[in-house]
Amino acid sequence: MTTRNHLRILLIEDSDQLAGSTSRELQGEYGHSVTWLRDPTYMEPALAEQRFDVAIIDLLYEHLNQEFDARRRAHRVKVRGDQLLISGLTAIRILRERRPEMGIVVWTSGEANRRLHLLYSYENLAMRSYCSKSPGTGRSDALERAACLARERQQFVDPVLNPYLPRDRARRSCDILLQDASKRAIWRAIAIGADTRSEISSIAGYSARTVGNRIPEMYQDLLEFDAGLAGTRSPFVEITRYADRNWPFFLDDAVRVMYP
Amino acid sequence: MANHTVQASARPADHPRLQRLQNDEELTRVTTKYMVGTLEWAGPVYQALALFTSAVYDPYSGAGRAAMLGLVVLHIALAPLYYRGYGPFVHGGWWIPAYFLQCMLVSGLPAWLSPPHTYGVHSGWIPCSNYAAAAFLFLAFYPWLPAPLIRRRVFFESAMLAVYFIYFLVLSRLNNGGLGWLNVRVAALSFSWLLIGYLFGKTIGRMCVAAAQKQLEVQQRNFDEFFDFLHSHVKANIAAVRMELADPLRLREKLDELEETIGDYRLEILLAREQVPLALLFSERIRAFTGVLKMTETPRLGPLTVARPIGVLVGHALGDLLKNAANHGATMVGIRCDTSGGTIRLEIADDGPGFPASVLDDSARSLNRLRRAARDLGGDLTLRPGAMNKGSLLTLVAPLRVPEVAR
């Protein structure tokens, strides 16, 4: 057992510089022990070997994103069967299942391509600890505090990341966008690179007629999801643009596990 | 000692951060497919006109004329569907051969619906024969062939045009029982319309390539600009930081300057988007003042985006109002944002000394400019004293969706 002041921390972060300096500070200043992994694919052996009190998890890993995107652009990704994009959501999902006693802190800068991941972590993975990578103090004090609070099952939301979280509303984001199996398949087909109805139909496994019928419905879902969307183009164009811009979310492996 | 499990280097050499700036086959295909979706509705409209002219002027029987007029109605009904993205070229795949089969059948229909010895004997037949011109127009610029065959597309397309010419001759022969010089001339005249459609299509194809090229040039300029920014601001600031390594206070100052420079540039990029994610905008602005102001309350905005003019207004409002609070000695700020009822209502409360509402009327002050910008978009900026008459409460109201005239 560790005391509150001496946590065993699992840090999953792809930036060498940031992980190195943060680890040193958490160790040197606060006396915690830190195990650093570059991405969640190395998590299983670490969990088998050691016990941790808290995991500090980045949301997206640049090298995994780059490699997956290269395969996606080369049309070498299949939405069924293949492993999709591994992100921090996968790490959170695995820890929630196998190490429910561990506290988890999402540690992110909060960028456009992480918006939907942040929403998903809050709504679907019951995350309540969020710490920004660029705190005003320039130190790891906020992260340390978030880790200690996470260990105590108390929430910590950095004001910089609070805007990304959802307001209380009747329907969760994924219930709006991904509840229907055919719509999920269409989102993923477009995210993978399909840009005509026949390509979407062939990848999604639904007839072109079904695809044609679903897209206006998906557009209405999208307007419910994001009320500020201007909606000046056809539903098909709006849906393809949205899926293409947010492909790291629609092709996230953890999202597919929960919404197959 | 921290336990580091280090794997491969940060970025594999074969996965560059930026894609090459090249107007290649892939980019042309993507651009063309996007453009065809915006044009395709014009195809059935043109075909309906061609069929109508034929129905009016060509010598059909009563039933034949009714059938032609029925086709006119059918084509007019197709136009809205094509406009909504249901056209064959948007579908791609087998829809394209199916579309050409339809064109051949409709082009051939007059030969069956007209009395014997009347098809292809006068130039009046041309309107219906040029029915397929729209199809050839789209075919000429649409990437219908797989990439390995793309260099031979002119050969394939010429063969298709030739097949069509022969088809006209066959129809003439079937209807007239023979083929005279007049039939050949009328077929050639009909064919010339297909050729015109095809050449127009080729021109549109060139326009697609030129449009993609222009986009690349804009992107190249943005990259150059960014390159300059990295050189003259980021690298220069890093050099300044190195020089101040011995003086922690000066070092901190230089680092703050560097962060502010990068933050401003990020904000500029963010506000260049068509739809601005509001959470990202708030996050950027709040980030710039953490450590300076204590944020007692920040709003939750989730996935909401706003059109660029609204994003610019909100971004300026947040920046100006937070800067004002910091400059006038406030230590705590609360930010609220409500987006219900089709409007965005932003409230910023601080514990500073406060200021009179008349500053909003002073045209030399940034708050006055902000109020004018808000009013231009159909909103407003108001000032009230804060709770218990301490500090100030500024409220910006704007429509959530930008009025069409402001776009």
# chains A, B, ... in the order shown; residues from 1 in each chain; ligands from 1
call {"tool": "residues_around", "arguments": {"residues": "B:Gly92", "least_positions_apart": "6", "cutoff": "8 Å", "atoms": "only C-alpha atoms", "output": "list in words"}}
result
Thr196, Arg197, Ser198 and Glu199 of chain A; Trp144 of chain B
call {"tool": "write_last_selection", "arguments": {"atoms": "N, CA and C atoms", "output": "PDB file, in the first residue's frame"}}
result
ATOM      1  N   THR A 196     -18.392   8.303 -52.001  1.00  0.00           N
ATOM      2  CA  THR A 196     -19.590   8.223 -52.838  1.00  0.00           C
ATOM      3  C   THR A 196     -20.559   7.257 -52.160  1.00  0.00           C
ATOM      4  N   ARG A 197     -21.830   7.357 -52.571  1.00  0.00           N
ATOM      5  CA  ARG A 197     -22.846   6.532 -51.931  1.00  0.00           C
ATOM      6  C   ARG A 197     -22.549   5.042 -52.123  1.00  0.00           C
ATOM      7  N   SER A 198     -22.053   4.695 -53.311  1.00  0.00           N
ATOM      8  CA  SER A 198     -21.795   3.272 -53.561  1.00  0.00           C
ATOM      9  C   SER A 198     -20.617   2.777 -52.725  1.00  0.00           C
ATOM     10  N   GLU A 199     -19.593   3.622 -52.559  1.00  0.00           N
ATOM     11  CA  GLU A 199     -18.450   3.222 -51.719  1.00  0.00           C
ATOM     12  C   GLU A 199     -18.887   3.068 -50.267  1.00  0.00           C
TER      13      GLU A 199
ATOM     14  N   TRP B 144     -13.791   8.353 -63.881  1.00  0.00           N
ATOM     15  CA  TRP B 144     -14.549   7.098 -63.943  1.00  0.00           C
ATOM     16  C   TRP B 144     -13.658   5.884 -64.169  1.00  0.00           C
TER      17      TRP B 144
END
call {"tool": "select_by_dssp", "arguments": {"residues": "stretch 99-245 of chain A", "states": "strand (DSSP E)", "output": "number ranges by chain"}}
result
A: 103-108, 129-132, 156-157
call {"tool": "write_last_selection", "arguments": {"atoms": "all heavy atoms", "output": "CSV table (one decimal), in the first residue's frame"}}
result
chain,number,residue,atom,x,y,z
A,103,GLY,N,-7.5,5.2,-9.8
A,103,GLY,CA,-7.9,6.5,-10.2
A,103,GLY,C,-7.4,6.8,-11.6
A,103,GLY,O,-6.3,6.3,-11.9
A,104,ILE,N,-8.1,7.6,-12.3
A,104,ILE,CA,-7.6,7.9,-13.7
A,104,ILE,C,-7.7,9.4,-13.9
A,104,ILE,O,-8.8,10.0,-13.6
A,104,ILE,CB,-8.4,7.2,-14.8
A,104,ILE,CG1,-8.4,5.7,-14.6
A,104,ILE,CG2,-7.9,7.5,-16.2
A,104,ILE,CD1,-9.3,4.9,-15.5
A,105,VAL,N,-6.7,10.0,-14.4
A,105,VAL,CA,-6.7,11.4,-14.8
A,105,VAL,C,-6.5,11.5,-16.3
A,105,VAL,O,-5.5,10.9,-16.8
A,105,VAL,CB,-5.6,12.2,-14.1
A,105,VAL,CG1,-5.6,13.7,-14.5
A,105,VAL,CG2,-5.7,12.1,-12.6
A,106,VAL,N,-7.4,12.2,-17.0
A,106,VAL,CA,-7.1,12.5,-18.4
A,106,VAL,C,-6.2,13.8,-18.5
A,106,VAL,O,-6.5,14.8,-17.9
A,106,VAL,CB,-8.4,12.8,-19.2
A,106,VAL,CG1,-8.2,13.4,-20.6
A,106,VAL,CG2,-9.2,11.5,-19.3
A,107,TRP,N,-5.1,13.6,-19.2
A,107,TRP,CA,-4.1,14.7,-19.2
A,107,TRP,C,-3.9,15.1,-20.7
A,107,TRP,O,-3.4,14.3,-21.5
A,107,TRP,CB,-2.8,14.2,-18.7
A,107,TRP,CG,-1.8,15.2,-18.4
A,107,TRP,CD1,-2.0,16.5,-17.9
A,107,TRP,CD2,-0.3,15.1,-18.6
A,107,TRP,NE1,-0.8,17.1,-17.7
A,107,TRP,CE2,0.2,16.3,-18.1
A,107,TRP,CE3,0.5,14.1,-19.1
A,107,TRP,CZ2,1.6,16.6,-18.2
A,107,TRP,CZ3,1.8,14.3,-19.1
A,107,TRP,CH2,2.4,15.6,-18.7
A,108,THR,N,-4.5,16.2,-21.0
A,108,THR,CA,-4.5,16.6,-22.5
A,108,THR,C,-4.4,18.1,-22.6
A,108,THR,O,-4.7,18.9,-21.7
A,108,THR,CB,-5.8,16.1,-23.1
A,108,THR,OG1,-5.8,16.5,-24.5
A,108,THR,CG2,-7.1,16.7,-22.4
A,129,SER,N,-11.9,13.4,-14.0
A,129,SER,CA,-10.7,14.1,-13.7
A,129,SER,C,-10.0,14.5,-15.0
A,129,SER,O,-9.6,13.6,-15.8
A,129,SER,CB,-9.7,13.2,-12.9
A,129,SER,OG,-10.2,12.9,-11.6
A,130,TYR,N,-9.8,15.8,-15.1
A,130,TYR,CA,-9.2,16.3,-16.4
A,130,TYR,C,-8.2,17.4,-16.0
A,130,TYR,O,-8.5,18.3,-15.3
A,130,TYR,CB,-10.3,17.0,-17.3
A,130,TYR,CG,-11.3,16.0,-17.8
A,130,TYR,CD1,-12.5,15.7,-17.0
A,130,TYR,CD2,-11.1,15.3,-18.9
A,130,TYR,CE1,-13.4,14.8,-17.5
A,130,TYR,CE2,-12.0,14.4,-19.4
A,130,TYR,CZ,-13.2,14.1,-18.7
A,130,TYR,OH,-14.1,13.2,-19.1
A,131,CYS,N,-7.0,17.2,-16.5
A,131,CYS,CA,-6.0,18.2,-16.2
A,131,CYS,C,-5.3,18.6,-17.5
A,131,CYS,O,-5.0,17.8,-18.4
A,131,CYS,CB,-4.9,17.5,-15.3
A,131,CYS,SG,-3.7,18.7,-14.7
A,132,SER,N,-5.1,19.9,-17.6
A,132,SER,CA,-4.5,20.5,-18.8
A,132,SER,C,-3.0,20.3,-18.8
A,132,SER,O,-2.4,20.3,-17.8
A,132,SER,CB,-4.9,22.0,-18.9
A,132,SER,OG,-4.0,22.6,-19.8
A,156,PHE,N,-11.8,16.4,-10.5
A,156,PHE,CA,-10.9,17.6,-10.7
A,156,PHE,C,-11.1,18.0,-12.2
A,156,PHE,O,-10.8,17.2,-13.1
A,156,PHE,CB,-9.4,17.2,-10.4
A,156,PHE,CG,-8.5,18.4,-10.7
A,156,PHE,CD1,-8.2,19.3,-9.7
A,156,PHE,CD2,-8.0,18.6,-12.0
A,156,PHE,CE1,-7.3,20.4,-10.0
A,156,PHE,CE2,-7.1,19.6,-12.3
A,156,PHE,CZ,-6.8,20.5,-11.3
A,157,VAL,N,-11.6,19.2,-12.4
A,157,VAL,CA,-11.7,19.6,-13.8
A,157,VAL,C,-11.0,20.9,-14.0
A,157,VAL,O,-11.4,21.9,-13.4
A,157,VAL,CB,-13.2,19.7,-14.2
A,157,VAL,CG1,-13.3,20.2,-15.7
A,157,VAL,CG2,-13.9,18.4,-14.1
call {"tool": "residues_around", "arguments": {"residues": "B:Leu174", "least_positions_apart": "4", "cutoff": "8 Å", "atoms": "only C-alpha atoms", "output": "list in words"}}
result
Ala111, Val170 and Gly178 of chain B
call {"tool": "residues_around", "arguments": {"residues": "A:Asp253", "least_positions_apart": "2", "cutoff": "10 Å", "atoms": "only C-alpha atoms", "output": "PyMOL selection string"}}
result
chain A and resi 79+82-87+89-90+248-251+255-260
call {"tool": "write_last_selection", "arguments": {"atoms": "C-alpha atoms", "output": "PDB file, in the first residue's frame"}}
result
ATOM      1  CA  VAL A  79     -13.820  -1.196 -40.155  1.00  0.00           C
ATOM      2  CA  ASP A  82      -9.003  -4.856 -37.921  1.00  0.00           C
ATOM      3  CA  GLN A  83      -7.915  -3.028 -34.815  1.00  0.00           C
ATOM      4  CA  LEU A  84      -8.892   0.585 -35.191  1.00  0.00           C
ATOM      5  CA  LEU A  85      -7.170   3.665 -33.764  1.00  0.00           C
ATOM      6  CA  ILE A  86      -5.784   3.147 -30.274  1.00  0.00           C
ATOM      7  CA  SER A  87      -6.244   6.214 -28.113  1.00  0.00           C
ATOM      8  CA  LEU A  89     -10.039   5.941 -24.503  1.00  0.00           C
ATOM      9  CA  THR A  90      -8.781   2.370 -24.942  1.00  0.00           C
ATOM     10  CA  PRO A 248      -9.988   9.852 -35.068  1.00  0.00           C
ATOM     11  CA  PHE A 249     -13.192   9.625 -33.044  1.00  0.00           C
ATOM     12  CA  PHE A 250     -15.344   7.639 -35.472  1.00  0.00           C
ATOM     13  CA  LEU A 251     -12.485   5.173 -36.002  1.00  0.00           C
ATOM     14  CA  VAL A 255     -15.718   3.576 -29.325  1.00  0.00           C
ATOM     15  CA  ARG A 256     -16.172   0.586 -31.612  1.00  0.00           C
ATOM     16  CA  VAL A 257     -15.987  -1.815 -28.656  1.00  0.00           C
ATOM     17  CA  MET A 258     -18.925  -0.035 -27.013  1.00  0.00           C
ATOM     18  CA  TYR A 259     -20.747   0.755 -30.269  1.00  0.00           C
ATOM     19  CA  PRO A 260     -19.823  -2.145 -32.585  1.00  0.00           C
TER      20      PRO A 260
END
call {"tool": "interface_residues", "arguments": {"of": "chain A", "to": "chain B", "cutoff": "8 Å", "atoms": "only C-alpha atoms", "output": "VMD selection string"}}
result
chain A and resid 14 to 16 23 to 24 27 to 28 33 to 38 63 66 to 67 70 110 to 112 115 to 116 119 134 to 137 159 to 167 196 to 199 212 225 to 230 234 to 236
call {"tool": "atom_distance", "arguments": {"atom1": "atom CA of B:Cys103", "atom2": "atom CA of B:Met68"}}
result
13.9 Å
call {"tool": "select_by_dssp", "arguments": {"residues": "stretch 52-220 of chain B", "states": "helix (DSSP H, G or I)", "output": "count of residues only"}}
result
143
call {"tool": "atom_distance", "arguments": {"atom1": "atom CA of A:Tyr206", "atom2": "atom CA of A:Glu224"}}
result
24.2 Å
call {"tool": "residues_around", "arguments": {"residues": "B:Gly352", "least_positions_apart": "2", "cutoff": "9 Å", "atoms": "only C-alpha atoms", "output": "PyMOL selection string"}}
result
chain B and resi 325-326+328-333+350+354-355+390-392
call {"tool": "residues_around", "arguments": {"residues": "stretch 74-76 of chain B", "least_positions_apart": "6", "cutoff": "9 Å", "atoms": "only C-alpha atoms", "output": "CSV table (one decimal) with all heavy atoms, in the first residue's frame"}}
result
chain,number,residue,atom,x,y,z
B,44,PRO,N,-30.3,16.5,-65.8
B,44,PRO,CA,-31.7,16.2,-66.1
B,44,PRO,C,-32.5,17.4,-66.6
B,44,PRO,O,-33.4,17.2,-67.4
B,44,PRO,CB,-32.3,15.6,-64.8
B,44,PRO,CG,-31.3,15.9,-63.7
B,44,PRO,CD,-30.0,16.1,-64.4
B,45,VAL,N,-32.1,18.6,-66.1
B,45,VAL,CA,-32.8,19.8,-66.6
B,45,VAL,C,-32.5,20.0,-68.1
B,45,VAL,O,-33.5,20.2,-68.9
B,45,VAL,CB,-32.3,21.0,-65.8
B,45,VAL,CG1,-32.9,22.3,-66.4
B,45,VAL,CG2,-32.8,20.9,-64.3
B,46,TYR,N,-31.3,19.9,-68.5
B,46,TYR,CA,-30.9,20.0,-69.9
B,46,TYR,C,-31.6,18.9,-70.7
B,46,TYR,O,-32.1,19.1,-71.8
B,46,TYR,CB,-29.4,19.9,-70.0
B,46,TYR,CG,-28.9,19.6,-71.4
B,46,TYR,CD1,-28.7,20.7,-72.3
B,46,TYR,CD2,-28.6,18.3,-71.9
B,46,TYR,CE1,-28.3,20.5,-73.6
B,46,TYR,CE2,-28.2,18.1,-73.1
B,46,TYR,CZ,-28.1,19.2,-74.0
B,46,TYR,OH,-27.7,19.0,-75.3
B,47,GLN,N,-31.6,17.7,-70.2
B,47,GLN,CA,-32.2,16.5,-70.9
B,47,GLN,C,-33.7,16.7,-71.1
B,47,GLN,O,-34.3,16.4,-72.1
B,47,GLN,CB,-31.8,15.2,-70.2
B,47,GLN,CG,-30.4,14.9,-70.4
B,47,GLN,CD,-29.9,13.7,-69.5
B,47,GLN,OE1,-30.5,13.5,-68.5
B,47,GLN,NE2,-28.9,13.0,-70.0
B,48,ALA,N,-34.3,17.3,-70.0
B,48,ALA,CA,-35.8,17.5,-70.1
B,48,ALA,C,-36.1,18.5,-71.2
B,48,ALA,O,-37.0,18.4,-72.0
B,48,ALA,CB,-36.3,18.1,-68.8
